>>> print(open('upload-v5.txt').read())   # compact mmCIF, C-alpha atoms and all ligand atoms
# COMPACT_ATOMS: atom_id res chain seq x y z
CA MET A 1 -27.57 5.71 7.61
CA VAL A 2 -25.73 9.00 7.43
CA GLY A 3 -27.36 9.96 4.12
CA ARG A 4 -29.05 8.73 0.96
CA ARG A 5 -27.20 10.39 -1.93
CA VAL A 6 -23.47 9.95 -1.64
CA VAL A 7 -20.34 11.16 -3.45
CA ILE A 8 -17.12 9.34 -2.53
CA LEU A 9 -13.71 10.99 -2.80
CA GLY A 10 -10.90 8.48 -3.23
CA SER A 11 -10.91 5.13 -5.06
CA GLY A 12 -8.58 3.10 -2.84
CA ASP A 13 -9.95 -0.18 -1.51
CA ILE A 14 -11.75 1.53 1.35
CA GLY A 15 -13.52 4.04 -0.94
CA LEU A 16 -14.51 1.21 -3.29
CA ILE A 17 -15.77 -1.05 -0.52
CA MET A 18 -17.71 1.84 1.05
CA ALA A 19 -19.38 2.50 -2.32
CA ARG A 20 -20.75 -1.05 -2.31
CA ARG A 21 -21.63 -0.99 1.39
CA MET A 22 -23.56 2.31 1.11
CA THR A 23 -25.41 0.90 -1.93
CA LEU A 24 -26.32 -2.33 -0.10
CA GLU A 25 -27.58 -0.25 2.82
CA GLY A 26 -29.98 1.59 0.48
CA ALA A 27 -28.08 4.76 -0.49
CA LYS A 28 -27.50 5.96 -4.05
CA VAL A 29 -23.78 6.39 -4.68
CA LEU A 30 -23.61 8.99 -7.44
CA ALA A 31 -19.87 8.91 -8.08
CA CYS A 32 -16.51 7.72 -6.87
CA VAL A 33 -14.03 10.52 -7.62
CA GLU A 34 -10.29 9.87 -7.96
CA LEU A 35 -7.53 12.48 -8.29
CA MET A 36 -5.09 10.11 -9.99
CA PRO A 37 -5.51 8.70 -13.53
CA TYR A 38 -5.89 5.22 -11.99
CA SER A 39 -7.71 3.73 -9.03
CA GLY A 40 -5.67 3.07 -5.90
CA GLY A 41 -7.66 -0.11 -5.23
CA LEU A 42 -7.53 -3.73 -6.32
CA THR A 43 -8.96 -4.50 -9.77
CA ARG A 44 -11.35 -6.99 -8.24
CA ASN A 45 -12.74 -4.27 -5.97
CA ILE A 46 -13.25 -1.90 -8.93
CA VAL A 47 -15.29 -4.63 -10.63
CA GLN A 48 -17.16 -5.99 -7.62
CA CYS A 49 -17.80 -2.71 -5.78
CA LEU A 50 -18.34 -0.17 -8.60
CA GLN A 51 -18.96 -1.83 -11.95
CA ASP A 52 -21.35 -4.46 -10.57
CA TYR A 53 -23.51 -1.63 -9.15
CA ASP A 54 -23.12 0.81 -12.09
CA ILE A 55 -21.37 3.37 -9.91
CA PRO A 56 -19.33 5.74 -12.12
CA LEU A 57 -15.62 6.16 -11.41
CA TYR A 58 -14.27 9.60 -12.33
CA LEU A 59 -10.49 9.26 -12.75
CA SER A 60 -8.34 12.45 -12.84
CA HIS A 61 -11.13 14.32 -11.06
CA THR A 62 -11.49 15.92 -7.63
CA ILE A 63 -14.09 17.71 -5.53
CA THR A 64 -13.67 21.46 -5.93
CA ALA A 65 -16.70 22.74 -3.96
CA ILE A 66 -19.07 21.48 -1.29
CA LYS A 67 -22.25 23.48 -0.67
CA GLY A 68 -24.96 23.26 1.98
CA LYS A 69 -26.41 25.01 5.03
CA SER A 70 -27.22 22.62 7.85
CA ARG A 71 -25.76 19.71 5.86
CA VAL A 72 -24.24 18.91 2.50
CA GLU A 73 -26.56 19.72 -0.41
CA GLN A 74 -24.33 19.77 -3.46
CA VAL A 75 -20.77 19.01 -4.56
CA THR A 76 -18.87 20.16 -7.61
CA VAL A 77 -16.40 17.77 -9.22
CA SER A 78 -13.77 18.99 -11.71
CA LYS A 79 -11.33 17.27 -14.02
CA VAL A 80 -7.64 17.82 -13.16
CA ASP A 81 -4.66 18.25 -15.46
CA GLU A 82 -1.41 16.24 -15.29
CA ASN A 83 -0.28 18.43 -12.36
CA ARG A 84 -3.51 17.59 -10.49
CA VAL A 85 -4.80 21.16 -10.90
CA PRO A 86 -8.58 21.50 -11.54
CA ILE A 87 -9.42 22.52 -15.11
CA PRO A 88 -11.97 25.38 -15.28
CA GLY A 89 -15.04 24.57 -17.39
CA THR A 90 -15.02 20.83 -16.55
CA GLU A 91 -17.28 21.10 -13.50
CA ILE A 92 -19.97 18.48 -12.86
CA VAL A 93 -22.51 19.23 -10.12
CA PHE A 94 -24.05 16.49 -7.98
CA ASP A 95 -27.06 17.05 -5.71
CA CYS A 96 -26.19 14.93 -2.69
CA ASP A 97 -26.45 14.86 1.09
CA THR A 98 -23.20 13.06 1.95
CA VAL A 99 -19.52 13.31 1.00
CA LEU A 100 -17.43 10.33 2.03
CA LEU A 101 -13.70 11.03 2.24
CA SER A 102 -11.48 8.01 1.70
CA VAL A 103 -8.20 9.68 0.99
CA GLY A 104 -5.46 7.74 2.66
CA LEU A 105 -4.29 5.38 5.31
CA ILE A 106 -1.03 5.82 7.19
CA PRO A 107 0.43 3.48 9.82
CA GLU A 108 -0.04 4.66 13.42
CA ASN A 109 3.44 4.44 14.92
CA GLU A 110 3.49 6.15 18.29
CA LEU A 111 4.80 2.97 19.97
CA THR A 112 7.43 2.44 17.28
CA ARG A 113 8.74 5.99 17.65
CA GLU A 114 8.70 5.86 21.46
CA ALA A 115 10.76 2.65 21.35
CA GLY A 116 13.42 4.52 19.35
CA ILE A 117 12.99 2.24 16.33
CA GLY A 118 14.36 3.40 12.96
CA MET A 119 11.51 4.44 10.66
CA ASP A 120 11.22 4.40 6.89
CA MET A 121 9.89 7.81 5.85
CA ARG A 122 8.42 6.30 2.68
CA THR A 123 6.22 3.73 4.43
CA ASN A 124 5.75 5.71 7.66
CA GLY A 125 6.48 2.44 9.44
CA ALA A 126 9.42 0.68 11.02
CA SER A 127 12.38 -0.23 8.84
CA VAL A 128 12.99 -3.99 9.14
CA TYR A 129 15.40 -6.81 8.40
CA GLU A 130 14.53 -10.02 6.52
CA ASN A 131 12.83 -11.56 9.59
CA MET A 132 10.76 -8.47 10.48
CA GLU A 133 13.20 -7.43 13.20
CA THR A 134 13.67 -3.69 13.59
CA ASN A 135 17.00 -2.02 14.30
CA VAL A 136 16.26 -2.48 18.01
CA PRO A 137 17.21 -6.13 18.69
CA GLY A 138 14.28 -8.20 19.91
CA ILE A 139 11.57 -5.81 18.60
CA PHE A 140 9.72 -7.00 15.50
CA ALA A 141 7.12 -5.27 13.31
CA CYS A 142 4.59 -6.68 10.87
CA GLY A 143 1.27 -5.82 9.25
CA ASN A 144 -0.19 -2.40 8.59
CA VAL A 145 1.89 -0.76 11.32
CA MET A 146 4.87 -1.31 9.00
CA HIS A 147 3.41 -0.73 5.54
CA VAL A 148 -0.17 -0.59 4.29
CA HIS A 149 -1.20 -3.98 2.88
CA ASP A 150 -3.88 -4.69 0.34
CA LEU A 151 -4.48 -8.33 1.35
CA VAL A 152 -4.66 -9.71 4.84
CA ASP A 153 -3.00 -12.96 3.65
CA PHE A 154 0.32 -11.10 3.36
CA VAL A 155 -0.19 -9.71 6.87
CA SER A 156 -0.70 -13.25 8.19
CA ALA A 157 2.45 -14.51 6.44
CA GLU A 158 4.48 -11.58 7.79
CA SER A 159 3.19 -12.09 11.31
CA GLU A 160 4.09 -15.79 11.21
CA ARG A 161 7.61 -14.80 10.13
CA ALA A 162 7.86 -12.19 12.89
CA GLY A 163 6.54 -14.63 15.52
CA ALA A 164 9.00 -17.37 14.51
CA ALA A 165 11.85 -14.84 14.51
CA ALA A 166 10.87 -13.58 17.98
CA ALA A 167 10.96 -17.17 19.26
CA ASP A 168 14.38 -17.65 17.62
CA TYR A 169 15.61 -14.45 19.29
CA ILE A 170 14.59 -15.80 22.70
CA LEU A 171 16.15 -19.21 22.06
CA LYS A 172 19.28 -18.25 20.10
CA GLY A 173 19.90 -14.55 20.79
CA LYS A 174 20.90 -11.79 18.40
CA VAL A 175 21.34 -12.34 14.68
CA PRO A 176 24.88 -11.47 13.49
CA THR A 177 25.11 -8.49 11.17
CA THR A 178 28.34 -9.31 9.34
CA GLN A 179 26.85 -9.33 5.82
CA VAL A 180 23.98 -6.87 5.44
CA ILE A 181 22.42 -5.93 2.11
CA ASP A 182 20.58 -2.60 1.92
CA VAL A 183 17.67 -2.75 -0.51
CA GLN A 184 17.16 0.44 -2.51
CA ALA A 185 13.94 1.35 -4.32
CA LYS A 186 14.54 3.10 -7.64
CA GLY A 187 12.42 4.76 -10.33
CA ALA A 188 8.75 3.88 -10.04
CA VAL A 189 9.37 1.62 -7.03
CA THR A 190 8.43 3.69 -3.98
CA TYR A 191 9.75 1.46 -1.18
CA THR A 192 10.69 -2.11 -0.31
CA VAL A 193 10.05 -4.30 2.72
CA PRO A 194 12.33 -5.57 4.13
CA GLN A 195 14.70 -2.65 3.75
CA HIS A 196 17.74 -4.66 4.91
CA ILE A 197 18.75 -8.32 4.53
CA ARG A 198 21.19 -10.11 6.84
CA VAL A 199 22.38 -12.79 4.44
CA GLN A 200 23.60 -15.17 7.15
CA ASN A 201 20.05 -15.26 8.57
CA VAL A 202 18.43 -16.33 5.28
CA GLU A 203 17.54 -20.02 5.10
CA LYS A 204 16.40 -20.42 1.48
CA SER A 205 15.09 -17.09 0.16
CA VAL A 206 13.71 -13.67 1.06
CA GLU A 207 10.29 -12.37 0.05
CA LEU A 208 10.54 -8.74 -0.95
CA PHE A 209 7.42 -6.55 -1.06
CA PHE A 210 7.05 -3.18 -2.72
CA ARG A 211 4.68 -0.75 -4.41
CA VAL A 212 4.99 1.36 -7.54
CA ASN A 213 3.80 4.91 -8.21
CA ARG A 214 2.24 4.35 -11.64
CA VAL A 215 0.48 1.72 -13.73
CA PHE A 216 2.53 -0.58 -16.00
CA GLY A 217 1.21 -2.98 -18.65
CA ASN A 218 3.78 -5.67 -19.36
CA ALA A 219 6.61 -4.94 -16.97
CA ASN A 220 9.96 -6.30 -15.88
CA ILE A 221 10.93 -6.03 -12.24
CA VAL A 222 14.71 -5.76 -12.27
CA VAL A 223 17.11 -6.33 -9.38
CA THR A 224 20.64 -4.99 -9.78
CA SER A 225 23.81 -5.20 -7.74
CA LYS A 226 27.01 -3.26 -8.50
CA GLY A 227 25.16 -1.83 -11.52
CA GLU A 228 24.57 -5.30 -13.00
CA LYS A 229 21.24 -7.06 -13.42
CA ILE A 230 21.13 -10.08 -11.08
CA ALA A 231 17.44 -11.00 -11.40
CA ALA A 232 14.35 -10.06 -13.43
CA PHE A 233 10.69 -10.94 -12.96
CA LYS A 234 7.96 -10.50 -15.58
CA ARG A 235 4.54 -9.12 -14.71
CA GLU A 236 1.51 -8.52 -16.97
CA HIS A 237 0.21 -5.70 -14.83
CA VAL A 238 1.72 -3.61 -12.03
CA ALA A 239 -0.29 -0.87 -10.29
CA PRO A 240 0.01 1.37 -7.20
CA GLY A 241 -3.03 -0.25 -5.57
CA GLU A 242 -1.54 -3.73 -5.69
CA MET A 243 1.43 -4.69 -3.56
CA GLU A 244 4.10 -6.58 -5.52
CA ARG A 245 6.12 -9.53 -4.26
CA ILE A 246 9.33 -11.08 -5.55
CA ILE A 247 11.38 -13.91 -4.09
CA LEU A 248 15.16 -13.58 -3.91
CA PRO A 249 16.92 -16.96 -3.43
CA LEU A 250 19.89 -17.26 -1.06
CA PRO A 251 22.54 -18.04 -3.74
CA LEU A 252 21.62 -14.80 -5.50
CA LEU A 253 21.93 -12.82 -2.25
CA GLN A 254 25.28 -14.43 -1.49
CA LYS A 255 26.62 -13.07 -4.78
CA ALA A 256 25.21 -9.57 -4.27
CA ASP A 257 26.99 -6.46 -3.10
CA ALA A 258 26.20 -4.57 0.13
CA GLU A 259 23.43 -2.83 -1.81
CA ILE A 260 20.84 -4.09 -4.27
CA THR A 261 18.38 -1.97 -6.23
CA VAL A 262 14.84 -2.83 -7.28
CA THR A 263 13.25 -1.06 -10.21
CA VAL A 264 10.42 -1.62 -12.72
CA GLU A 265 10.81 -1.22 -16.48
CA GLU A 266 8.25 -1.24 -19.26
CA ALA A 267 8.71 -4.60 -21.05
C1 LIG A 301 -12.17 -1.14 4.72
C2 LIG A 301 -11.13 -2.21 4.55
C3 LIG A 301 -11.43 -3.33 3.81
C4 LIG A 301 -10.50 -4.33 3.63
N1 LIG A 301 -10.84 -5.41 2.90
C5 LIG A 301 -9.99 -6.43 2.77
C6 LIG A 301 -10.37 -7.62 2.06
O1 LIG A 301 -11.47 -7.74 1.55
N2 LIG A 301 -9.47 -8.63 1.96
C7 LIG A 301 -8.23 -8.54 2.51
O2 LIG A 301 -7.44 -9.49 2.40
N3 LIG A 301 -7.84 -7.42 3.19
C8 LIG A 301 -8.68 -6.37 3.33
N4 LIG A 301 -8.30 -5.23 4.00
C9 LIG A 301 -6.93 -5.14 4.50
C10 LIG A 301 -6.77 -5.83 5.86
O3 LIG A 301 -7.87 -5.54 6.68
C11 LIG A 301 -5.51 -5.30 6.54
O4 LIG A 301 -4.42 -5.54 5.67
C12 LIG A 301 -5.27 -6.02 7.87
O5 LIG A 301 -6.38 -5.87 8.72
C13 LIG A 301 -4.06 -5.45 8.58
O6 LIG A 301 -3.87 -6.21 9.74
P1 LIG A 301 -3.06 -5.65 10.97
O7 LIG A 301 -3.20 -6.66 12.06
O8 LIG A 301 -1.71 -5.27 10.53
O9 LIG A 301 -3.78 -4.29 11.38
P2 LIG A 301 -5.24 -4.07 11.96
O10 LIG A 301 -6.22 -5.06 11.40
O11 LIG A 301 -5.51 -2.61 11.76
O12 LIG A 301 -5.08 -4.40 13.51
C14 LIG A 301 -4.33 -3.58 14.38
C15 LIG A 301 -4.94 -3.69 15.76
O13 LIG A 301 -4.06 -3.10 16.70
C16 LIG A 301 -4.81 -2.30 17.60
N5 LIG A 301 -3.91 -1.28 18.15
C17 LIG A 301 -3.42 -0.17 17.54
N6 LIG A 301 -2.61 0.51 18.38
C18 LIG A 301 -2.57 -0.19 19.53
C19 LIG A 301 -1.94 0.01 20.80
N7 LIG A 301 -1.15 1.05 21.03
N8 LIG A 301 -2.15 -0.92 21.76
C20 LIG A 301 -2.95 -1.99 21.53
N9 LIG A 301 -3.57 -2.22 20.37
C21 LIG A 301 -3.40 -1.33 19.39
C22 LIG A 301 -5.91 -1.73 16.73
O14 LIG A 301 -7.00 -1.28 17.52
C23 LIG A 301 -6.28 -2.94 15.86
O15 LIG A 301 -7.22 -3.79 16.49
C24 LIG A 301 -9.21 -4.21 4.19
C25 LIG A 301 -8.91 -3.07 4.95
C26 LIG A 301 -9.84 -2.08 5.13
C27 LIG A 301 -9.49 -0.89 5.96
>>> encode(input="upload-v5.txt", output="structure tokens")
Amino acid sequence: MVGRRVVILGSGDIGLIMARRMTLEGAKVLACVELMPYSGGLTRNIVQCLQDYDIPLYLSHTITAIKGKSRVEQVTVSKVDENRVPIPGTEIVFDCDTVLLSVGLIPENELTREAGIGMDMRTNGASVYENMETNVPGIFACGNVMHVHDLVDFVSAESERAGAAAADYILKGKVPTTQVIDVQAKGAVTYTVPQHIRVQNVEKSVELFFRVNRVFGNANIVVTSKGEKIAAFKREHVAPGEMERIILPLPLLQKADAEITVTVEEA
């Protein structure tokens, strides 16, 4: 064990899971500290990794000082304002011997870049078509190298799609690009995957994945084309930590313009 009294910075799934793991290994996790006003992790992980072990979650807080000589001895945690700036006078001091940083995961894409594949600056991964093919014909991307997933089940589904499409590429050759729809993320929607849809390559429907940058209660996910709403999907809860999925049927795509937009509205 690296230490016995731990403060965790970051409440994404990894920070949450580490809080439980350190506890099960015999450490005392004093706090999980999160800069944003919401956790970046799955609700079930907040419950099963923090609440079940009485580990406090400090939202809108950050670590503002770490003290110690040969190792960590103390950290100071402060509340932040809406601009994420620490508020003087809100300091809480924890005597601890370990600070665990869990502050982000970005796809590692050296191979993607070296292959000259078009990247999406928002996901830090390859930009793909409906079948996981990149803009370099015959090269496919799926999983966390493309966008960070919360659940491995979605990674498995994506990889099956990419594998089947790679086999199709070998057997049938290139997919025609006569009717391509560019998918635009708008408002609170930070990105979509796929980013482009070749309509003639869609059998029945396309699964579209995306994330949002804030928490919504009752929400409508709205898809527009030529400024007109072409589809809407209701959700009871939408949050940055939870990847969203909508299914766009082929007839709807056939009616759409060369560009569709996905946005989320408060219901
Ligand atoms: C701490 C943690 C807990 C999680 N808990 C859950 C959970 O409870 N339930 C759930 O559904 N999901 C969970 N996830 C998410 C899930 O693990 C990921 O979504 C999934 O593993 C992503 O799969 P992947 O194959 O895309 O990437 P990875 O699992 O990261 O696999 C990529 C592999 O590629 C290898 N690699 C990288 N570069 C190269 C290269 N140049 N050449 C050869 N090999 C290379 C890597 O070494 C690695 O083995 C968790 C993730 C983390 C980090």
>>> residues_near_ligand(input="upload-v5.txt", ligand="ligand LIG 301 (chain A)", cutoff="7 Å", atoms="only C-alpha atoms and all ligand atoms", output="list in words")
Asp13, Ile14, Ile17, Glu108, Leu111, Cys142, Gly143, Asn144, Val145, Val148, His149, Asp150, Leu151, Val152, Asp153 and Val155 of chain A
>>> atom_distance(input="upload-v5.txt", atom1="CA of Gly217 in chain A", atom2="CA of Ala267 in chain A")
8.0 Å
>>> closest_atom_pairs(input="upload-v5.txt", of="range 123-237 of chain A", to="range 254-266 of chain A", cutoff="6 Å", atoms="all atoms listed in the file", output="tab-separated table")
residue	atom	partner	partner_atom	distance
A:Ile181	CA	A:Ala258	CA	4.5
A:Asp182	CA	A:Glu259	CA	4.7
A:Val183	CA	A:Ile260	CA	5.1
A:Gln184	CA	A:Thr261	CA	4.6
A:Ala185	CA	A:Val262	CA	5.2
A:Lys186	CA	A:Thr263	CA	5.1
A:Gly187	CA	A:Thr263	CA	5.9
A:Val189	CA	A:Thr263	CA	5.7
A:Ala219	CA	A:Glu266	CA	4.7
A:Asn220	CA	A:Glu265	CA	5.2
A:Ile221	CA	A:Val264	CA	4.5
A:Val222	CA	A:Thr263	CA	5.3
A:Val223	CA	A:Val262	CA	4.7
A:Thr224	CA	A:Thr261	CA	5.2
A:Ser225	CA	A:Ile260	CA	4.7
>>> write_last_selection(input="upload-v5.txt", atoms="C-alpha atoms", output="mmCIF file, in the coordinates of the input")
data_model
loop_
_atom_site.group_PDB
_atom_site.id
_atom_site.type_symbol
_atom_site.label_atom_id
_atom_site.label_comp_id
_atom_site.auth_asym_id
_atom_site.auth_seq_id
_atom_site.Cartn_x
_atom_site.Cartn_y
_atom_site.Cartn_z
ATOM 1 C CA ILE A 181 22.420 -5.930 2.110
ATOM 2 C CA ASP A 182 20.580 -2.600 1.920
ATOM 3 C CA VAL A 183 17.670 -2.750 -0.510
ATOM 4 C CA GLN A 184 17.160 0.440 -2.510
ATOM 5 C CA ALA A 185 13.940 1.350 -4.320
ATOM 6 C CA LYS A 186 14.540 3.100 -7.640
ATOM 7 C CA GLY A 187 12.420 4.760 -10.330
ATOM 8 C CA VAL A 189 9.370 1.620 -7.030
ATOM 9 C CA ALA A 219 6.610 -4.940 -16.970
ATOM 10 C CA ASN A 220 9.960 -6.300 -15.880
ATOM 11 C CA ILE A 221 10.930 -6.030 -12.240
ATOM 12 C CA VAL A 222 14.710 -5.760 -12.270
ATOM 13 C CA VAL A 223 17.110 -6.330 -9.380
ATOM 14 C CA THR A 224 20.640 -4.990 -9.780
ATOM 15 C CA SER A 225 23.810 -5.200 -7.740
#
>>> closest_residue(input="upload-v5.txt", among="A:Met132, A:Ile230, A:Val193, A:Leu50", to="Asp120 in chain A", atoms="all atoms listed in the file")
A:Val193
>>> closest_residue(input="upload-v5.txt", among="A:Gly116, A:Gly15, A:Gly125, A:Gly3", to="Gly104 in chain A", atoms="all atoms listed in the file")
A:Gly15
>>> axis_aligned_box(input="upload-v5.txt", around="range 98-112 of chain A", padding_each_side="4 Å", output="AutoDock Vina command-line options")
--center_x -7.9 --center_y 7.9 --center_z 10.5 --size_x 38.6 --size_y 18.9 --size_z 27.0
>>> closest_residue(input="upload-v5.txt", among="A:Ala27, A:Ala239, A:Ala166, A:Ile246", to="Ser205 in chain A", atoms="only C-alpha atoms")
A:Ile246
>>> atom_distance(input="upload-v5.txt", atom1="CA of Ser39 in chain A", atom2="CA of Glu207 in chain A")
25.8 Å
>>> atom_distance(input="upload-v5.txt", atom1="CA of Ile117 in chain A", atom2="CA of Val103 in chain A")
27.2 Å
>>> residues_around(input="upload-v5.txt", residues="Asn135 in chain A", least_positions_apart="6", cutoff="8 Å", atoms="only C-alpha atoms", output="count of residues only")
5
>>> residues_around(input="upload-v5.txt", residues="range 167-179 of chain A", least_positions_apart="3", cutoff="7 Å", atoms="all atoms listed in the file", output="JSON, numbers by chain")
{"A": [137, 138, 163, 164, 198, 199, 200, 201]}
>>> residues_around(input="upload-v5.txt", residues="Asn83 in chain A", least_positions_apart="3", cutoff="12 Å", atoms="only C-alpha atoms", output="list in words")
Leu35, Met36, Pro37, Ser60, His61, Lys79, Val80, Pro86 and Ile87 of chain A
>>> write_last_selection(input="upload-v5.txt", atoms="C-alpha atoms", output="tab-separated table (two decimals), in the frame of the given file")
chain	number	residue	atom	x	y	z
A	35	LEU	CA	-7.53	12.48	-8.29
A	36	MET	CA	-5.09	10.11	-9.99
A	37	PRO	CA	-5.51	8.70	-13.53
A	60	SER	CA	-8.34	12.45	-12.84
A	61	HIS	CA	-11.13	14.32	-11.06
A	79	LYS	CA	-11.33	17.27	-14.02
A	80	VAL	CA	-7.64	17.82	-13.16
A	86	PRO	CA	-8.58	21.50	-11.54
A	87	ILE	CA	-9.42	22.52	-15.11
>>> closest_atom_pairs(input="upload-v5.txt", of="range 23-71 of chain A", to="range 89-93 of chain A", cutoff="10 Å", atoms="only C-alpha atoms", output="CSV")
residue,atom,partner,partner_atom,distance
A:His61,CA,A:Thr90,CA,9.4
A:Thr62,CA,A:Glu91,CA,9.7
A:Ile63,CA,A:Glu91,CA,9.2
A:Thr64,CA,A:Glu91,CA,8.4
A:Ala65,CA,A:Val93,CA,9.2
A:Ile66,CA,A:Val93,CA,9.7
>>> decode(input="upload-v5.txt", residues="range 155-229 of chain A", atoms="C-alpha atoms", output="PDB file, in the first residue's frame")
ATOM      1  CA  VAL A 155     -16.662  -0.828 -26.648  1.00  0.00           C
ATOM      2  CA  SER A 156     -17.556  -4.445 -27.467  1.00  0.00           C
ATOM      3  CA  ALA A 157     -20.459  -3.377 -29.699  1.00  0.00           C
ATOM      4  CA  GLU A 158     -18.263  -0.843 -31.504  1.00  0.00           C
ATOM      5  CA  SER A 159     -15.493  -3.373 -32.030  1.00  0.00           C
ATOM      6  CA  GLU A 160     -17.944  -5.899 -33.492  1.00  0.00           C
ATOM      7  CA  ARG A 161     -19.135  -3.197 -35.901  1.00  0.00           C
ATOM      8  CA  ALA A 162     -15.552  -2.277 -36.841  1.00  0.00           C
ATOM      9  CA  GLY A 163     -14.588  -5.943 -37.316  1.00  0.00           C
ATOM     10  CA  ALA A 164     -17.588  -6.662 -39.549  1.00  0.00           C
ATOM     11  CA  ALA A 165     -16.879  -3.506 -41.559  1.00  0.00           C
ATOM     12  CA  ALA A 166     -13.214  -4.475 -41.994  1.00  0.00           C
ATOM     13  CA  ALA A 167     -14.323  -7.873 -43.330  1.00  0.00           C
ATOM     14  CA  ASP A 168     -16.762  -6.120 -45.692  1.00  0.00           C
ATOM     15  CA  TYR A 169     -13.950  -3.851 -46.885  1.00  0.00           C
ATOM     16  CA  ILE A 170     -11.824  -6.876 -47.766  1.00  0.00           C
ATOM     17  CA  LEU A 171     -14.694  -8.667 -49.502  1.00  0.00           C
ATOM     18  CA  LYS A 172     -16.477  -5.752 -51.199  1.00  0.00           C
ATOM     19  CA  GLY A 173     -13.974  -2.878 -51.329  1.00  0.00           C
ATOM     20  CA  LYS A 174     -14.492   0.812 -50.620  1.00  0.00           C
ATOM     21  CA  VAL A 175     -17.800   2.240 -49.463  1.00  0.00           C
ATOM     22  CA  PRO A 176     -19.149   4.902 -51.874  1.00  0.00           C
ATOM     23  CA  THR A 177     -19.288   8.417 -50.473  1.00  0.00           C
ATOM     24  CA  THR A 178     -22.023   9.898 -52.652  1.00  0.00           C
ATOM     25  CA  GLN A 179     -24.367  10.885 -49.794  1.00  0.00           C
ATOM     26  CA  VAL A 180     -22.488  11.849 -46.635  1.00  0.00           C
ATOM     27  CA  ILE A 181     -24.105  13.479 -43.612  1.00  0.00           C
ATOM     28  CA  ASP A 182     -21.851  15.465 -41.273  1.00  0.00           C
ATOM     29  CA  VAL A 183     -23.052  15.269 -37.685  1.00  0.00           C
ATOM     30  CA  GLN A 184     -22.621  18.506 -35.741  1.00  0.00           C
ATOM     31  CA  ALA A 185     -22.650  18.749 -31.942  1.00  0.00           C
ATOM     32  CA  LYS A 186     -24.368  21.888 -30.664  1.00  0.00           C
ATOM     33  CA  GLY A 187     -24.939  23.570 -27.291  1.00  0.00           C
ATOM     34  CA  ALA A 188     -24.252  21.255 -24.377  1.00  0.00           C
ATOM     35  CA  VAL A 189     -23.390  18.345 -26.688  1.00  0.00           C
ATOM     36  CA  THR A 190     -19.593  18.224 -26.809  1.00  0.00           C
ATOM     37  CA  TYR A 191     -19.059  15.718 -29.633  1.00  0.00           C
ATOM     38  CA  THR A 192     -20.695  12.866 -31.538  1.00  0.00           C
ATOM     39  CA  VAL A 193     -19.443   9.493 -32.738  1.00  0.00           C
ATOM     40  CA  PRO A 194     -19.691   8.768 -35.602  1.00  0.00           C
ATOM     41  CA  GLN A 195     -18.918  12.217 -36.940  1.00  0.00           C
ATOM     42  CA  HIS A 196     -19.978  11.320 -40.513  1.00  0.00           C
ATOM     43  CA  ILE A 197     -22.654   8.998 -41.929  1.00  0.00           C
ATOM     44  CA  ARG A 198     -22.538   7.516 -45.439  1.00  0.00           C
ATOM     45  CA  VAL A 199     -26.254   6.958 -45.932  1.00  0.00           C
ATOM     46  CA  GLN A 200     -25.857   4.332 -48.666  1.00  0.00           C
ATOM     47  CA  ASN A 201     -23.872   2.182 -46.201  1.00  0.00           C
ATOM     48  CA  VAL A 202     -26.610   2.177 -43.534  1.00  0.00           C
ATOM     49  CA  GLU A 203     -28.643  -1.033 -43.389  1.00  0.00           C
ATOM     50  CA  LYS A 204     -31.375  -0.168 -40.867  1.00  0.00           C
ATOM     51  CA  SER A 205     -30.131   2.544 -38.495  1.00  0.00           C
ATOM     52  CA  VAL A 206     -27.096   4.291 -37.015  1.00  0.00           C
ATOM     53  CA  GLU A 207     -26.228   4.399 -33.326  1.00  0.00           C
ATOM     54  CA  LEU A 208     -24.978   7.834 -32.397  1.00  0.00           C
ATOM     55  CA  PHE A 209     -22.975   8.358 -29.191  1.00  0.00           C
ATOM     56  CA  PHE A 210     -22.215  11.641 -27.488  1.00  0.00           C
ATOM     57  CA  ARG A 211     -21.501  13.381 -24.196  1.00  0.00           C
ATOM     58  CA  VAL A 212     -22.781  16.599 -22.675  1.00  0.00           C
ATOM     59  CA  ASN A 213     -20.944  19.247 -20.649  1.00  0.00           C
ATOM     60  CA  ARG A 214     -23.512  19.725 -17.877  1.00  0.00           C
ATOM     61  CA  VAL A 215     -26.176  17.877 -15.917  1.00  0.00           C
ATOM     62  CA  PHE A 216     -29.799  17.906 -17.156  1.00  0.00           C
ATOM     63  CA  GLY A 217     -32.886  16.673 -15.297  1.00  0.00           C
ATOM     64  CA  ASN A 218     -35.660  15.907 -17.749  1.00  0.00           C
ATOM     65  CA  ALA A 219     -34.136  16.539 -21.148  1.00  0.00           C
ATOM     66  CA  ASN A 220     -34.957  16.320 -24.827  1.00  0.00           C
ATOM     67  CA  ILE A 221     -32.240  15.270 -27.227  1.00  0.00           C
ATOM     68  CA  VAL A 222     -33.102  17.032 -30.474  1.00  0.00           C
ATOM     69  CA  VAL A 223     -31.830  16.241 -33.965  1.00  0.00           C
ATOM     70  CA  THR A 224     -32.289  18.911 -36.625  1.00  0.00           C
ATOM     71  CA  SER A 225     -31.668  19.098 -40.345  1.00  0.00           C
ATOM     72  CA  LYS A 226     -31.978  22.273 -42.430  1.00  0.00           C
ATOM     73  CA  GLY A 227     -33.009  24.037 -39.204  1.00  0.00           C
ATOM     74  CA  GLU A 228     -35.996  21.712 -38.697  1.00  0.00           C
ATOM     75  CA  LYS A 229     -36.459  19.156 -35.939  1.00  0.00           C
TER      76      LYS A 229
END
